[in-house]
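Here's structure38.txt, which has compact mmCIF, N, CA and C atoms:
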```txt
# COMPACT_ATOMS: atom_id res chain seq x y z
N MET A 1 46.15 -1.30 -24.96
CA MET A 1 47.54 -1.14 -25.34
C MET A 1 48.06 0.17 -24.77
N LYS A 2 49.33 0.17 -24.37
CA LYS A 2 49.95 1.38 -23.83
C LYS A 2 51.05 1.88 -24.76
N PHE A 3 51.31 3.18 -24.63
CA PHE A 3 52.30 3.83 -25.49
C PHE A 3 53.15 4.78 -24.66
N TRP A 4 54.43 4.86 -25.01
CA TRP A 4 55.33 5.86 -24.43
C TRP A 4 55.21 7.14 -25.25
N ILE A 5 55.14 8.28 -24.56
CA ILE A 5 55.06 9.56 -25.27
C ILE A 5 56.04 10.57 -24.67
N LYS A 6 56.37 11.53 -25.48
CA LYS A 6 57.07 12.73 -25.00
C LYS A 6 56.67 13.88 -25.90
N LYS A 7 56.37 15.01 -25.28
CA LYS A 7 56.06 16.23 -26.03
C LYS A 7 57.34 17.04 -26.20
N HIS A 8 57.63 17.40 -27.44
CA HIS A 8 58.80 18.23 -27.74
C HIS A 8 58.28 19.60 -28.16
N TYR A 9 58.45 20.57 -27.26
CA TYR A 9 57.89 21.91 -27.47
C TYR A 9 58.80 22.79 -28.31
N GLU A 10 58.17 23.72 -29.03
CA GLU A 10 58.91 24.79 -29.72
C GLU A 10 59.39 25.78 -28.67
N PHE A 11 60.49 26.44 -28.95
CA PHE A 11 61.02 27.44 -28.03
C PHE A 11 61.22 28.76 -28.74
N ASP A 12 61.07 29.85 -27.98
CA ASP A 12 61.44 31.17 -28.46
C ASP A 12 62.92 31.36 -28.16
N THR A 13 63.63 31.99 -29.07
CA THR A 13 65.05 32.25 -28.84
C THR A 13 65.35 33.73 -29.03
N SER A 14 66.41 34.17 -28.38
CA SER A 14 66.87 35.56 -28.53
C SER A 14 67.68 35.66 -29.80
N LYS A 15 68.07 36.88 -30.16
CA LYS A 15 68.92 37.10 -31.33
C LYS A 15 70.25 36.37 -31.21
N GLU A 16 70.67 36.14 -29.97
CA GLU A 16 71.93 35.44 -29.72
C GLU A 16 71.76 33.93 -29.73
N GLY A 17 70.53 33.46 -29.92
CA GLY A 17 70.26 32.03 -29.97
C GLY A 17 69.97 31.38 -28.64
N GLU A 18 69.84 32.17 -27.58
CA GLU A 18 69.53 31.63 -26.27
C GLU A 18 68.03 31.36 -26.16
N ILE A 19 67.66 30.29 -25.48
CA ILE A 19 66.25 29.98 -25.25
C ILE A 19 65.70 30.95 -24.23
N VAL A 20 64.60 31.64 -24.60
CA VAL A 20 64.01 32.64 -23.70
C VAL A 20 62.58 32.30 -23.30
N GLY A 21 62.01 31.24 -23.87
CA GLY A 21 60.66 30.87 -23.49
C GLY A 21 60.17 29.67 -24.27
N LYS A 22 59.19 28.97 -23.70
CA LYS A 22 58.62 27.79 -24.34
C LYS A 22 57.26 28.16 -24.93
N LYS A 23 57.02 27.72 -26.16
CA LYS A 23 55.73 27.93 -26.80
C LYS A 23 54.79 26.77 -26.44
N GLU A 24 53.53 26.93 -26.78
CA GLU A 24 52.54 25.90 -26.48
C GLU A 24 52.53 24.79 -27.52
N ARG A 25 53.02 25.07 -28.73
CA ARG A 25 52.97 24.09 -29.82
C ARG A 25 54.06 23.03 -29.64
N TYR A 26 53.74 21.79 -30.03
CA TYR A 26 54.69 20.70 -29.81
C TYR A 26 54.55 19.58 -30.85
N VAL A 27 55.63 18.78 -30.94
CA VAL A 27 55.64 17.54 -31.69
C VAL A 27 55.48 16.42 -30.67
N LEU A 28 54.62 15.47 -30.97
CA LEU A 28 54.40 14.33 -30.09
C LEU A 28 55.19 13.14 -30.60
N ALA A 29 56.17 12.69 -29.82
CA ALA A 29 56.90 11.46 -30.11
C ALA A 29 56.20 10.35 -29.36
N ILE A 30 55.86 9.27 -30.06
CA ILE A 30 55.09 8.18 -29.44
C ILE A 30 55.53 6.84 -29.99
N CYS A 31 55.67 5.86 -29.11
CA CYS A 31 56.02 4.52 -29.56
C CYS A 31 55.27 3.47 -28.74
N ASP A 32 55.14 2.28 -29.33
CA ASP A 32 54.53 1.16 -28.62
C ASP A 32 55.33 0.89 -27.34
N GLU A 33 54.63 0.50 -26.29
CA GLU A 33 55.27 0.27 -24.99
C GLU A 33 56.47 -0.67 -25.09
N SER A 34 56.37 -1.72 -25.88
CA SER A 34 57.42 -2.74 -25.94
C SER A 34 58.68 -2.29 -26.69
N LEU A 35 58.62 -1.18 -27.38
CA LEU A 35 59.75 -0.75 -28.21
C LEU A 35 60.78 0.12 -27.50
N LEU A 36 60.43 0.70 -26.38
CA LEU A 36 61.36 1.60 -25.71
C LEU A 36 62.66 0.86 -25.38
N GLY A 37 63.77 1.41 -25.83
CA GLY A 37 65.07 0.81 -25.61
C GLY A 37 65.53 -0.12 -26.73
N ARG A 38 64.68 -0.36 -27.71
CA ARG A 38 65.05 -1.26 -28.81
C ARG A 38 66.12 -0.61 -29.69
N ARG A 39 67.12 -1.41 -30.03
CA ARG A 39 68.19 -0.97 -30.93
C ARG A 39 67.77 -1.23 -32.37
N LEU A 40 67.94 -0.22 -33.20
CA LEU A 40 67.66 -0.32 -34.63
C LEU A 40 69.00 -0.40 -35.34
N ARG A 41 69.24 -1.45 -36.07
CA ARG A 41 70.55 -1.73 -36.68
C ARG A 41 70.74 -0.99 -38.00
N GLY A 42 71.87 -0.29 -38.12
CA GLY A 42 72.32 0.32 -39.37
C GLY A 42 71.41 1.36 -39.97
N VAL A 43 70.75 2.16 -39.14
CA VAL A 43 69.77 3.11 -39.65
C VAL A 43 70.21 4.57 -39.57
N GLY A 44 71.36 4.82 -38.99
CA GLY A 44 71.84 6.19 -38.85
C GLY A 44 72.34 6.76 -40.17
N ILE A 45 72.67 8.02 -40.17
CA ILE A 45 73.14 8.72 -41.37
C ILE A 45 74.34 8.02 -42.00
N GLU A 46 75.22 7.52 -41.15
CA GLU A 46 76.41 6.84 -41.65
C GLU A 46 76.34 5.33 -41.40
N GLY A 47 75.13 4.80 -41.30
CA GLY A 47 74.95 3.37 -41.12
C GLY A 47 75.10 2.87 -39.70
N GLU A 48 75.19 3.79 -38.75
CA GLU A 48 75.32 3.37 -37.35
C GLU A 48 73.97 2.94 -36.78
N ASP A 49 74.02 2.24 -35.64
CA ASP A 49 72.81 1.83 -34.96
C ASP A 49 72.17 3.03 -34.26
N SER A 50 70.90 2.92 -33.99
CA SER A 50 70.17 3.94 -33.25
C SER A 50 69.27 3.20 -32.25
N THR A 51 68.74 3.94 -31.29
CA THR A 51 67.88 3.34 -30.26
C THR A 51 66.59 4.14 -30.12
N ILE A 52 65.49 3.43 -29.93
CA ILE A 52 64.23 4.07 -29.60
C ILE A 52 64.36 4.44 -28.12
N SER A 53 64.76 5.67 -27.87
CA SER A 53 65.25 6.06 -26.54
C SER A 53 64.20 6.67 -25.63
N LYS A 54 64.47 6.52 -24.34
CA LYS A 54 63.64 7.16 -23.31
C LYS A 54 63.73 8.68 -23.43
N GLU A 55 64.90 9.19 -23.82
CA GLU A 55 65.08 10.64 -23.95
C GLU A 55 64.17 11.24 -25.02
N PHE A 56 63.89 10.48 -26.08
CA PHE A 56 63.06 11.01 -27.16
C PHE A 56 61.60 10.59 -27.04
N TYR A 57 61.34 9.35 -26.65
CA TYR A 57 59.97 8.82 -26.63
C TYR A 57 59.40 8.57 -25.25
N GLY A 58 60.22 8.46 -24.21
CA GLY A 58 59.76 7.85 -22.98
C GLY A 58 59.50 8.71 -21.78
N GLU A 59 58.80 9.79 -21.92
CA GLU A 59 58.51 10.64 -20.76
C GLU A 59 57.36 10.10 -19.92
N GLU A 60 56.35 9.55 -20.58
CA GLU A 60 55.15 9.12 -19.87
C GLU A 60 54.53 7.93 -20.60
N LEU A 61 54.06 6.94 -19.85
CA LEU A 61 53.37 5.77 -20.40
C LEU A 61 51.87 6.00 -20.26
N ILE A 62 51.16 5.98 -21.41
CA ILE A 62 49.73 6.29 -21.39
C ILE A 62 48.91 5.24 -22.12
N GLU A 63 47.61 5.24 -21.84
CA GLU A 63 46.65 4.33 -22.47
C GLU A 63 46.18 4.91 -23.81
N GLU A 64 45.59 4.05 -24.61
CA GLU A 64 45.09 4.43 -25.94
C GLU A 64 44.11 5.60 -25.88
N GLU A 65 43.24 5.62 -24.88
CA GLU A 65 42.24 6.69 -24.76
C GLU A 65 42.92 8.06 -24.61
N GLU A 66 44.02 8.09 -23.87
CA GLU A 66 44.75 9.35 -23.69
C GLU A 66 45.43 9.78 -24.99
N VAL A 67 45.91 8.81 -25.77
CA VAL A 67 46.49 9.12 -27.08
C VAL A 67 45.46 9.80 -27.96
N LEU A 68 44.25 9.26 -27.96
CA LEU A 68 43.19 9.82 -28.80
C LEU A 68 42.87 11.26 -28.42
N LYS A 69 42.95 11.59 -27.15
CA LYS A 69 42.75 12.97 -26.71
C LYS A 69 43.90 13.86 -27.18
N LEU A 70 45.13 13.37 -27.05
CA LEU A 70 46.30 14.16 -27.44
C LEU A 70 46.31 14.49 -28.93
N ILE A 71 45.91 13.55 -29.77
CA ILE A 71 45.98 13.81 -31.21
C ILE A 71 44.92 14.80 -31.68
N GLU A 72 44.03 15.18 -30.79
CA GLU A 72 43.03 16.21 -31.09
C GLU A 72 43.47 17.59 -30.56
N ASP A 73 44.59 17.65 -29.86
CA ASP A 73 45.07 18.90 -29.26
C ASP A 73 45.41 19.92 -30.33
N LYS A 74 44.87 21.13 -30.22
CA LYS A 74 45.10 22.19 -31.22
C LYS A 74 46.56 22.65 -31.25
N ASN A 75 47.33 22.36 -30.21
CA ASN A 75 48.73 22.76 -30.16
C ASN A 75 49.68 21.73 -30.77
N LEU A 76 49.14 20.60 -31.18
CA LEU A 76 49.95 19.54 -31.78
C LEU A 76 50.29 19.90 -33.22
N ILE A 77 51.60 19.92 -33.55
CA ILE A 77 52.00 20.27 -34.92
C ILE A 77 52.48 19.08 -35.72
N ALA A 78 52.85 17.99 -35.05
CA ALA A 78 53.29 16.79 -35.76
C ALA A 78 53.33 15.61 -34.79
N ILE A 79 53.28 14.40 -35.37
CA ILE A 79 53.42 13.16 -34.61
C ILE A 79 54.55 12.36 -35.23
N ASN A 80 55.45 11.88 -34.39
CA ASN A 80 56.51 10.97 -34.81
C ASN A 80 56.20 9.64 -34.12
N ALA A 81 55.69 8.66 -34.87
CA ALA A 81 55.17 7.43 -34.29
C ALA A 81 55.99 6.22 -34.72
N MET A 82 56.34 5.37 -33.73
CA MET A 82 57.10 4.15 -33.99
C MET A 82 56.34 2.96 -33.43
N GLY A 83 56.07 1.97 -34.27
CA GLY A 83 55.48 0.73 -33.80
C GLY A 83 54.21 0.33 -34.53
N GLU A 84 53.97 -0.95 -34.53
CA GLU A 84 52.79 -1.53 -35.17
C GLU A 84 51.50 -1.00 -34.55
N GLY A 85 51.44 -0.97 -33.22
CA GLY A 85 50.21 -0.57 -32.53
C GLY A 85 49.82 0.87 -32.78
N ILE A 86 50.78 1.77 -32.62
CA ILE A 86 50.45 3.19 -32.78
C ILE A 86 50.19 3.55 -34.24
N THR A 87 50.93 2.98 -35.18
CA THR A 87 50.68 3.30 -36.58
C THR A 87 49.31 2.78 -37.00
N LYS A 88 48.93 1.60 -36.52
CA LYS A 88 47.60 1.06 -36.82
C LYS A 88 46.51 1.97 -36.25
N LEU A 89 46.67 2.40 -35.01
CA LEU A 89 45.69 3.29 -34.38
C LEU A 89 45.56 4.60 -35.16
N LEU A 90 46.67 5.20 -35.54
CA LEU A 90 46.63 6.46 -36.29
C LEU A 90 45.94 6.28 -37.64
N LEU A 91 46.23 5.18 -38.33
CA LEU A 91 45.57 4.92 -39.62
C LEU A 91 44.06 4.75 -39.43
N GLU A 92 43.67 4.00 -38.40
CA GLU A 92 42.23 3.79 -38.13
C GLU A 92 41.50 5.09 -37.87
N LYS A 93 42.19 6.07 -37.29
CA LYS A 93 41.58 7.36 -36.98
C LYS A 93 41.74 8.38 -38.11
N GLY A 94 42.30 7.95 -39.25
CA GLY A 94 42.40 8.82 -40.42
C GLY A 94 43.64 9.68 -40.48
N TYR A 95 44.65 9.37 -39.67
CA TYR A 95 45.90 10.13 -39.68
C TYR A 95 46.94 9.35 -40.46
N GLY A 96 47.18 9.77 -41.68
CA GLY A 96 48.15 9.10 -42.53
C GLY A 96 47.54 8.00 -43.37
N THR A 97 48.37 7.45 -44.25
CA THR A 97 47.96 6.35 -45.14
C THR A 97 49.03 5.26 -45.07
N THR A 98 48.67 4.09 -45.53
CA THR A 98 49.64 2.98 -45.53
C THR A 98 50.86 3.31 -46.37
N ASP A 99 50.70 4.11 -47.42
CA ASP A 99 51.83 4.51 -48.26
C ASP A 99 52.85 5.37 -47.51
N GLN A 100 52.42 6.04 -46.46
CA GLN A 100 53.30 6.92 -45.70
C GLN A 100 54.08 6.18 -44.61
N ILE A 101 53.72 4.94 -44.33
CA ILE A 101 54.42 4.18 -43.31
C ILE A 101 55.71 3.60 -43.89
N ARG A 102 56.79 3.79 -43.16
CA ARG A 102 58.09 3.23 -43.53
C ARG A 102 58.47 2.21 -42.46
N GLU A 103 59.33 1.29 -42.84
CA GLU A 103 59.87 0.35 -41.85
C GLU A 103 61.33 0.65 -41.62
N ILE A 104 61.69 0.76 -40.37
CA ILE A 104 63.07 1.00 -39.97
C ILE A 104 63.50 -0.22 -39.17
N ASP A 105 64.36 -1.03 -39.75
CA ASP A 105 64.82 -2.27 -39.11
C ASP A 105 63.64 -3.08 -38.58
N GLY A 106 62.59 -3.19 -39.41
CA GLY A 106 61.42 -3.99 -39.06
C GLY A 106 60.38 -3.31 -38.19
N VAL A 107 60.61 -2.05 -37.83
CA VAL A 107 59.67 -1.31 -36.98
C VAL A 107 58.94 -0.28 -37.84
N LYS A 108 57.62 -0.28 -37.76
CA LYS A 108 56.82 0.69 -38.54
C LYS A 108 57.01 2.09 -37.98
N HIS A 109 57.11 3.06 -38.91
CA HIS A 109 57.35 4.46 -38.55
C HIS A 109 56.46 5.35 -39.40
N LEU A 110 55.78 6.28 -38.75
CA LEU A 110 54.90 7.21 -39.44
C LEU A 110 55.08 8.60 -38.86
N ILE A 111 55.22 9.58 -39.75
CA ILE A 111 55.25 10.97 -39.33
C ILE A 111 54.03 11.67 -39.92
N VAL A 112 53.29 12.37 -39.06
CA VAL A 112 52.09 13.09 -39.47
C VAL A 112 52.29 14.56 -39.15
N PHE A 113 52.07 15.43 -40.13
CA PHE A 113 52.18 16.88 -39.92
C PHE A 113 50.78 17.49 -39.95
N PHE A 114 50.55 18.47 -39.07
CA PHE A 114 49.30 19.20 -39.04
C PHE A 114 49.57 20.63 -39.50
N ILE A 115 48.88 21.05 -40.54
CA ILE A 115 49.11 22.38 -41.12
C ILE A 115 47.96 23.29 -40.79
```
Would you mind writing the structure in this file as structure tokens?
Amino acid sequence: MKFWIKKHYEFDTSKEGEIVGKKERYVLAICDESLLGRRLRGVGIEGEDSTISKEFYGEELIEEEEVLKLIEDKNLIAINAMGEGITKLLLEKGYGTTDQIREIDGVKHLIVFFI
């Protein structure tokens, strides 16, 4: 199975709020390959539709073995996962519980934080 991923890095900012550097720590956004571009109906703050977008999830398409390496990365601070395949894989590896999985317009969603 393949998954779309994107790393969202933390940034250093100046007192004026300008970005002055990228940190090594990141949030991993990941979704099942088939979900990229899917519209989620009525899930926004004001009931608007949302999309599982390339901008948020779709930087690179990777295999399951690569996902397993990424979730062991010491710089990973959280995972935002969308889809049956990725949530199942994360649960099998001990990341999260079934109680933590939510469904958004029929799509499984799990957020895992590393402290």
* To do: Can you pull out every residue within 7 Å of Ile52 of chain A, counting all atoms listed in the file, but drop anything in the same chain fewer than 2 positions away, and send it as a list in words?
  => Leu35, Leu36, Gly37, Arg38, Arg39, Leu40, Ser50, Lys54, Glu55, Phe56, Tyr57 and Gly58 of chain A
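Atom N of Cys31 of chain A sits 14.2 Å away from atom C of Ile71 of chain A.
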* To do: as a PyMOL selection string, list the residues of chain A assigned to strand (DSSP E or B) by DSSP on the backbone atoms of this structure.
  => chain A and resi 2-13+19-32+39-40+50-51+60-63+76-82+102-104+107-113
Could those selected residues go to a file with N, CA and C atoms, as a short mmCIF file (atom, residue, chain, number, x, y, z; two decimals), in the coordinates of the input?
```cif
data_model
loop_
_atom_site.label_atom_id
_atom_site.label_comp_id
_atom_site.auth_asym_id
_atom_site.auth_seq_id
_atom_site.Cartn_x
_atom_site.Cartn_y
_atom_site.Cartn_z
N LYS A 2 49.33 0.17 -24.37
CA LYS A 2 49.95 1.38 -23.83
C LYS A 2 51.05 1.88 -24.76
N PHE A 3 51.31 3.18 -24.63
CA PHE A 3 52.30 3.83 -25.49
C PHE A 3 53.15 4.78 -24.66
N TRP A 4 54.43 4.86 -25.01
CA TRP A 4 55.33 5.86 -24.43
C TRP A 4 55.21 7.14 -25.25
N ILE A 5 55.14 8.28 -24.56
CA ILE A 5 55.06 9.56 -25.27
C ILE A 5 56.04 10.57 -24.67
N LYS A 6 56.37 11.53 -25.48
CA LYS A 6 57.07 12.73 -25.00
C LYS A 6 56.67 13.88 -25.90
N LYS A 7 56.37 15.01 -25.28
CA LYS A 7 56.06 16.23 -26.03
C LYS A 7 57.34 17.04 -26.20
N HIS A 8 57.63 17.40 -27.44
CA HIS A 8 58.80 18.23 -27.74
C HIS A 8 58.28 19.60 -28.16
N TYR A 9 58.45 20.57 -27.26
CA TYR A 9 57.89 21.91 -27.47
C TYR A 9 58.80 22.79 -28.31
N GLU A 10 58.17 23.72 -29.03
CA GLU A 10 58.91 24.79 -29.72
C GLU A 10 59.39 25.78 -28.67
N PHE A 11 60.49 26.44 -28.95
CA PHE A 11 61.02 27.44 -28.03
C PHE A 11 61.22 28.76 -28.74
N ASP A 12 61.07 29.85 -27.98
CA ASP A 12 61.44 31.17 -28.46
C ASP A 12 62.92 31.36 -28.16
N THR A 13 63.63 31.99 -29.07
CA THR A 13 65.05 32.25 -28.84
C THR A 13 65.35 33.73 -29.03
N ILE A 19 67.66 30.29 -25.48
CA ILE A 19 66.25 29.98 -25.25
C ILE A 19 65.70 30.95 -24.23
N VAL A 20 64.60 31.64 -24.60
CA VAL A 20 64.01 32.64 -23.70
C VAL A 20 62.58 32.30 -23.30
N GLY A 21 62.01 31.24 -23.87
CA GLY A 21 60.66 30.87 -23.49
C GLY A 21 60.17 29.67 -24.27
N LYS A 22 59.19 28.97 -23.70
CA LYS A 22 58.62 27.79 -24.34
C LYS A 22 57.26 28.16 -24.93
N LYS A 23 57.02 27.72 -26.16
CA LYS A 23 55.73 27.93 -26.80
C LYS A 23 54.79 26.77 -26.44
N GLU A 24 53.53 26.93 -26.78
CA GLU A 24 52.54 25.90 -26.48
C GLU A 24 52.53 24.79 -27.52
N ARG A 25 53.02 25.07 -28.73
CA ARG A 25 52.97 24.09 -29.82
C ARG A 25 54.06 23.03 -29.64
N TYR A 26 53.74 21.79 -30.03
CA TYR A 26 54.69 20.70 -29.81
C TYR A 26 54.55 19.58 -30.85
N VAL A 27 55.63 18.78 -30.94
CA VAL A 27 55.64 17.54 -31.69
C VAL A 27 55.48 16.42 -30.67
N LEU A 28 54.62 15.47 -30.97
CA LEU A 28 54.40 14.33 -30.09
C LEU A 28 55.19 13.14 -30.60
N ALA A 29 56.17 12.69 -29.82
CA ALA A 29 56.90 11.46 -30.11
C ALA A 29 56.20 10.35 -29.36
N ILE A 30 55.86 9.27 -30.06
CA ILE A 30 55.09 8.18 -29.44
C ILE A 30 55.53 6.84 -29.99
N CYS A 31 55.67 5.86 -29.11
CA CYS A 31 56.02 4.52 -29.56
C CYS A 31 55.27 3.47 -28.74
N ASP A 32 55.14 2.28 -29.33
CA ASP A 32 54.53 1.16 -28.62
C ASP A 32 55.33 0.89 -27.34
N ARG A 39 67.12 -1.41 -30.03
CA ARG A 39 68.19 -0.97 -30.93
C ARG A 39 67.77 -1.23 -32.37
N LEU A 40 67.94 -0.22 -33.20
CA LEU A 40 67.66 -0.32 -34.63
C LEU A 40 69.00 -0.40 -35.34
N SER A 50 70.90 2.92 -33.99
CA SER A 50 70.17 3.94 -33.25
C SER A 50 69.27 3.20 -32.25
N THR A 51 68.74 3.94 -31.29
CA THR A 51 67.88 3.34 -30.26
C THR A 51 66.59 4.14 -30.12
N GLU A 60 56.35 9.55 -20.58
CA GLU A 60 55.15 9.12 -19.87
C GLU A 60 54.53 7.93 -20.60
N LEU A 61 54.06 6.94 -19.85
CA LEU A 61 53.37 5.77 -20.40
C LEU A 61 51.87 6.00 -20.26
N ILE A 62 51.16 5.98 -21.41
CA ILE A 62 49.73 6.29 -21.39
C ILE A 62 48.91 5.24 -22.12
N GLU A 63 47.61 5.24 -21.84
CA GLU A 63 46.65 4.33 -22.47
C GLU A 63 46.18 4.91 -23.81
N LEU A 76 49.14 20.60 -31.18
CA LEU A 76 49.95 19.54 -31.78
C LEU A 76 50.29 19.90 -33.22
N ILE A 77 51.60 19.92 -33.55
CA ILE A 77 52.00 20.27 -34.92
C ILE A 77 52.48 19.08 -35.72
N ALA A 78 52.85 17.99 -35.05
CA ALA A 78 53.29 16.79 -35.76
C ALA A 78 53.33 15.61 -34.79
N ILE A 79 53.28 14.40 -35.37
CA ILE A 79 53.42 13.16 -34.61
C ILE A 79 54.55 12.36 -35.23
N ASN A 80 55.45 11.88 -34.39
CA ASN A 80 56.51 10.97 -34.81
C ASN A 80 56.20 9.64 -34.12
N ALA A 81 55.69 8.66 -34.87
CA ALA A 81 55.17 7.43 -34.29
C ALA A 81 55.99 6.22 -34.72
N MET A 82 56.34 5.37 -33.73
CA MET A 82 57.10 4.15 -33.99
C MET A 82 56.34 2.96 -33.43
N ARG A 102 56.79 3.79 -43.16
CA ARG A 102 58.09 3.23 -43.53
C ARG A 102 58.47 2.21 -42.46
N GLU A 103 59.33 1.29 -42.84
CA GLU A 103 59.87 0.35 -41.85
C GLU A 103 61.33 0.65 -41.62
N ILE A 104 61.69 0.76 -40.37
CA ILE A 104 63.07 1.00 -39.97
C ILE A 104 63.50 -0.22 -39.17
N VAL A 107 60.61 -2.05 -37.83
CA VAL A 107 59.67 -1.31 -36.98
C VAL A 107 58.94 -0.28 -37.84
N LYS A 108 57.62 -0.28 -37.76
CA LYS A 108 56.82 0.69 -38.54
C LYS A 108 57.01 2.09 -37.98
N HIS A 109 57.11 3.06 -38.91
CA HIS A 109 57.35 4.46 -38.55
C HIS A 109 56.46 5.35 -39.40
N LEU A 110 55.78 6.28 -38.75
CA LEU A 110 54.90 7.21 -39.44
C LEU A 110 55.08 8.60 -38.86
N ILE A 111 55.22 9.58 -39.75
CA ILE A 111 55.25 10.97 -39.33
C ILE A 111 54.03 11.67 -39.92
N VAL A 112 53.29 12.37 -39.06
CA VAL A 112 52.09 13.09 -39.47
C VAL A 112 52.29 14.56 -39.15
N PHE A 113 52.07 15.43 -40.13
CA PHE A 113 52.18 16.88 -39.92
C PHE A 113 50.78 17.49 -39.95
#
```
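Of note, atom CA of Ala81 of chain A and atom CA of Ala29 of chain A are spaced 6.1 Å apart.
Proximity to segment 93-101 of chain A at 8 Å, evaluated using only N, CA and C atoms and with sequence-adjacent residues fewer than 6 positions away removed, yields Thr87, Val107, Lys108, His109, Leu110, Ile111, Val112 and Phe113 of chain A.
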Residues from last step as file, N, CA and C atoms, as a PDB file, in the coordinates of the input:
```
ATOM      1  N   THR A  87      50.930   2.980 -35.180  1.00  0.00           N
ATOM      2  CA  THR A  87      50.680   3.300 -36.580  1.00  0.00           C
ATOM      3  C   THR A  87      49.310   2.780 -37.000  1.00  0.00           C
ATOM      4  N   VAL A 107      60.610  -2.050 -37.830  1.00  0.00           N
ATOM      5  CA  VAL A 107      59.670  -1.310 -36.980  1.00  0.00           C
ATOM      6  C   VAL A 107      58.940  -0.280 -37.840  1.00  0.00           C
ATOM      7  N   LYS A 108      57.620  -0.280 -37.760  1.00  0.00           N
ATOM      8  CA  LYS A 108      56.820   0.690 -38.540  1.00  0.00           C
ATOM      9  C   LYS A 108      57.010   2.090 -37.980  1.00  0.00           C
ATOM     10  N   HIS A 109      57.110   3.060 -38.910  1.00  0.00           N
ATOM     11  CA  HIS A 109      57.350   4.460 -38.550  1.00  0.00           C
ATOM     12  C   HIS A 109      56.460   5.350 -39.400  1.00  0.00           C
ATOM     13  N   LEU A 110      55.780   6.280 -38.750  1.00  0.00           N
ATOM     14  CA  LEU A 110      54.900   7.210 -39.440  1.00  0.00           C
ATOM     15  C   LEU A 110      55.080   8.600 -38.860  1.00  0.00           C
ATOM     16  N   ILE A 111      55.220   9.580 -39.750  1.00  0.00           N
ATOM     17  CA  ILE A 111      55.250  10.970 -39.330  1.00  0.00           C
ATOM     18  C   ILE A 111      54.030  11.670 -39.920  1.00  0.00           C
ATOM     19  N   VAL A 112      53.290  12.370 -39.060  1.00  0.00           N
ATOM     20  CA  VAL A 112      52.090  13.090 -39.470  1.00  0.00           C
ATOM     21  C   VAL A 112      52.290  14.560 -39.150  1.00  0.00           C
ATOM     22  N   PHE A 113      52.070  15.430 -40.130  1.00  0.00           N
ATOM     23  CA  PHE A 113      52.180  16.880 -39.920  1.00  0.00           C
ATOM     24  C   PHE A 113      50.780  17.490 -39.950  1.00  0.00           C
TER      25      PHE A 113
END
```
* Asked: Could you work out how far atom C of Gly106 of chain A lies from atom CA of Glu92 of chain A, giving the answer in Å with one decimal?
  ->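 Pair atom CA of Glu92 of chain A / atom C of Gly106 of chain A returns 19.5 Å.
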* Structure fact -> Of A:Arg25, A:Glu10, A:Phe114, A:Arg41, the one nearest to Ala78 of chain A when counting only C-alpha atoms is A:Phe114
How big is the axis-aligned box around the listed atoms of segment 24-32 of chain A once 4 Å is added on each side, and where is its centre? Give both in Å to one decimal, as AutoDock Vina command-line options.
```
--center_x 54.7 --center_y 13.9 --center_z -29.1 --size_x 12.4 --size_y 34.0 --size_z 13.2
```
* Find the residues around Tyr9 of chain A up to 7 Å (all atoms listed in the file counted), leave out those fewer than 5 positions away in its own chain, and share them as a PyMOL selection string. => chain A and resi 22-27
Please save N, CA and C atoms of the selected residues as a CSV table (one decimal), in the frame of the given file.
```csv
chain,number,residue,atom,x,y,z
A,22,LYS,N,59.2,29.0,-23.7
A,22,LYS,CA,58.6,27.8,-24.3
A,22,LYS,C,57.3,28.2,-24.9
A,23,LYS,N,57.0,27.7,-26.2
A,23,LYS,CA,55.7,27.9,-26.8
A,23,LYS,C,54.8,26.8,-26.4
A,24,GLU,N,53.5,26.9,-26.8
A,24,GLU,CA,52.5,25.9,-26.5
A,24,GLU,C,52.5,24.8,-27.5
A,25,ARG,N,53.0,25.1,-28.7
A,25,ARG,CA,53.0,24.1,-29.8
A,25,ARG,C,54.1,23.0,-29.6
A,26,TYR,N,53.7,21.8,-30.0
A,26,TYR,CA,54.7,20.7,-29.8
A,26,TYR,C,54.6,19.6,-30.8
A,27,VAL,N,55.6,18.8,-30.9
A,27,VAL,CA,55.6,17.5,-31.7
A,27,VAL,C,55.5,16.4,-30.7
```
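Using all atoms listed in the file, the smallest distance between any of A:Ile115, A:Val43, A:Ile77, A:Ile5 and Glu59 of chain A comes from A:Ile5.
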* Asked: Using only N, CA and C atoms, which of the listed residues (A:Glu65, A:Glu84, A:Glu46, A:Glu33) sits closest to Phe3 of chain A?
  ->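 With only N, CA and C atoms as the atom set, the closest residue is A:Glu33.
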* Mind the document's chain letters and residue numbers, and return as a VMD selection string the residues of chain A that DSSP labels alpha helix (DSSP H). => chain A and resid 54 to 57 64 to 70 84 to 92
* Asked: Which one of A:Glu103, A:Glu48, A:Glu60, A:Asp32 sits closest to Met82 of chain A if you count only N, CA and C atoms?
  ->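 So, comparing all the options, the nearest one is A:Asp32.
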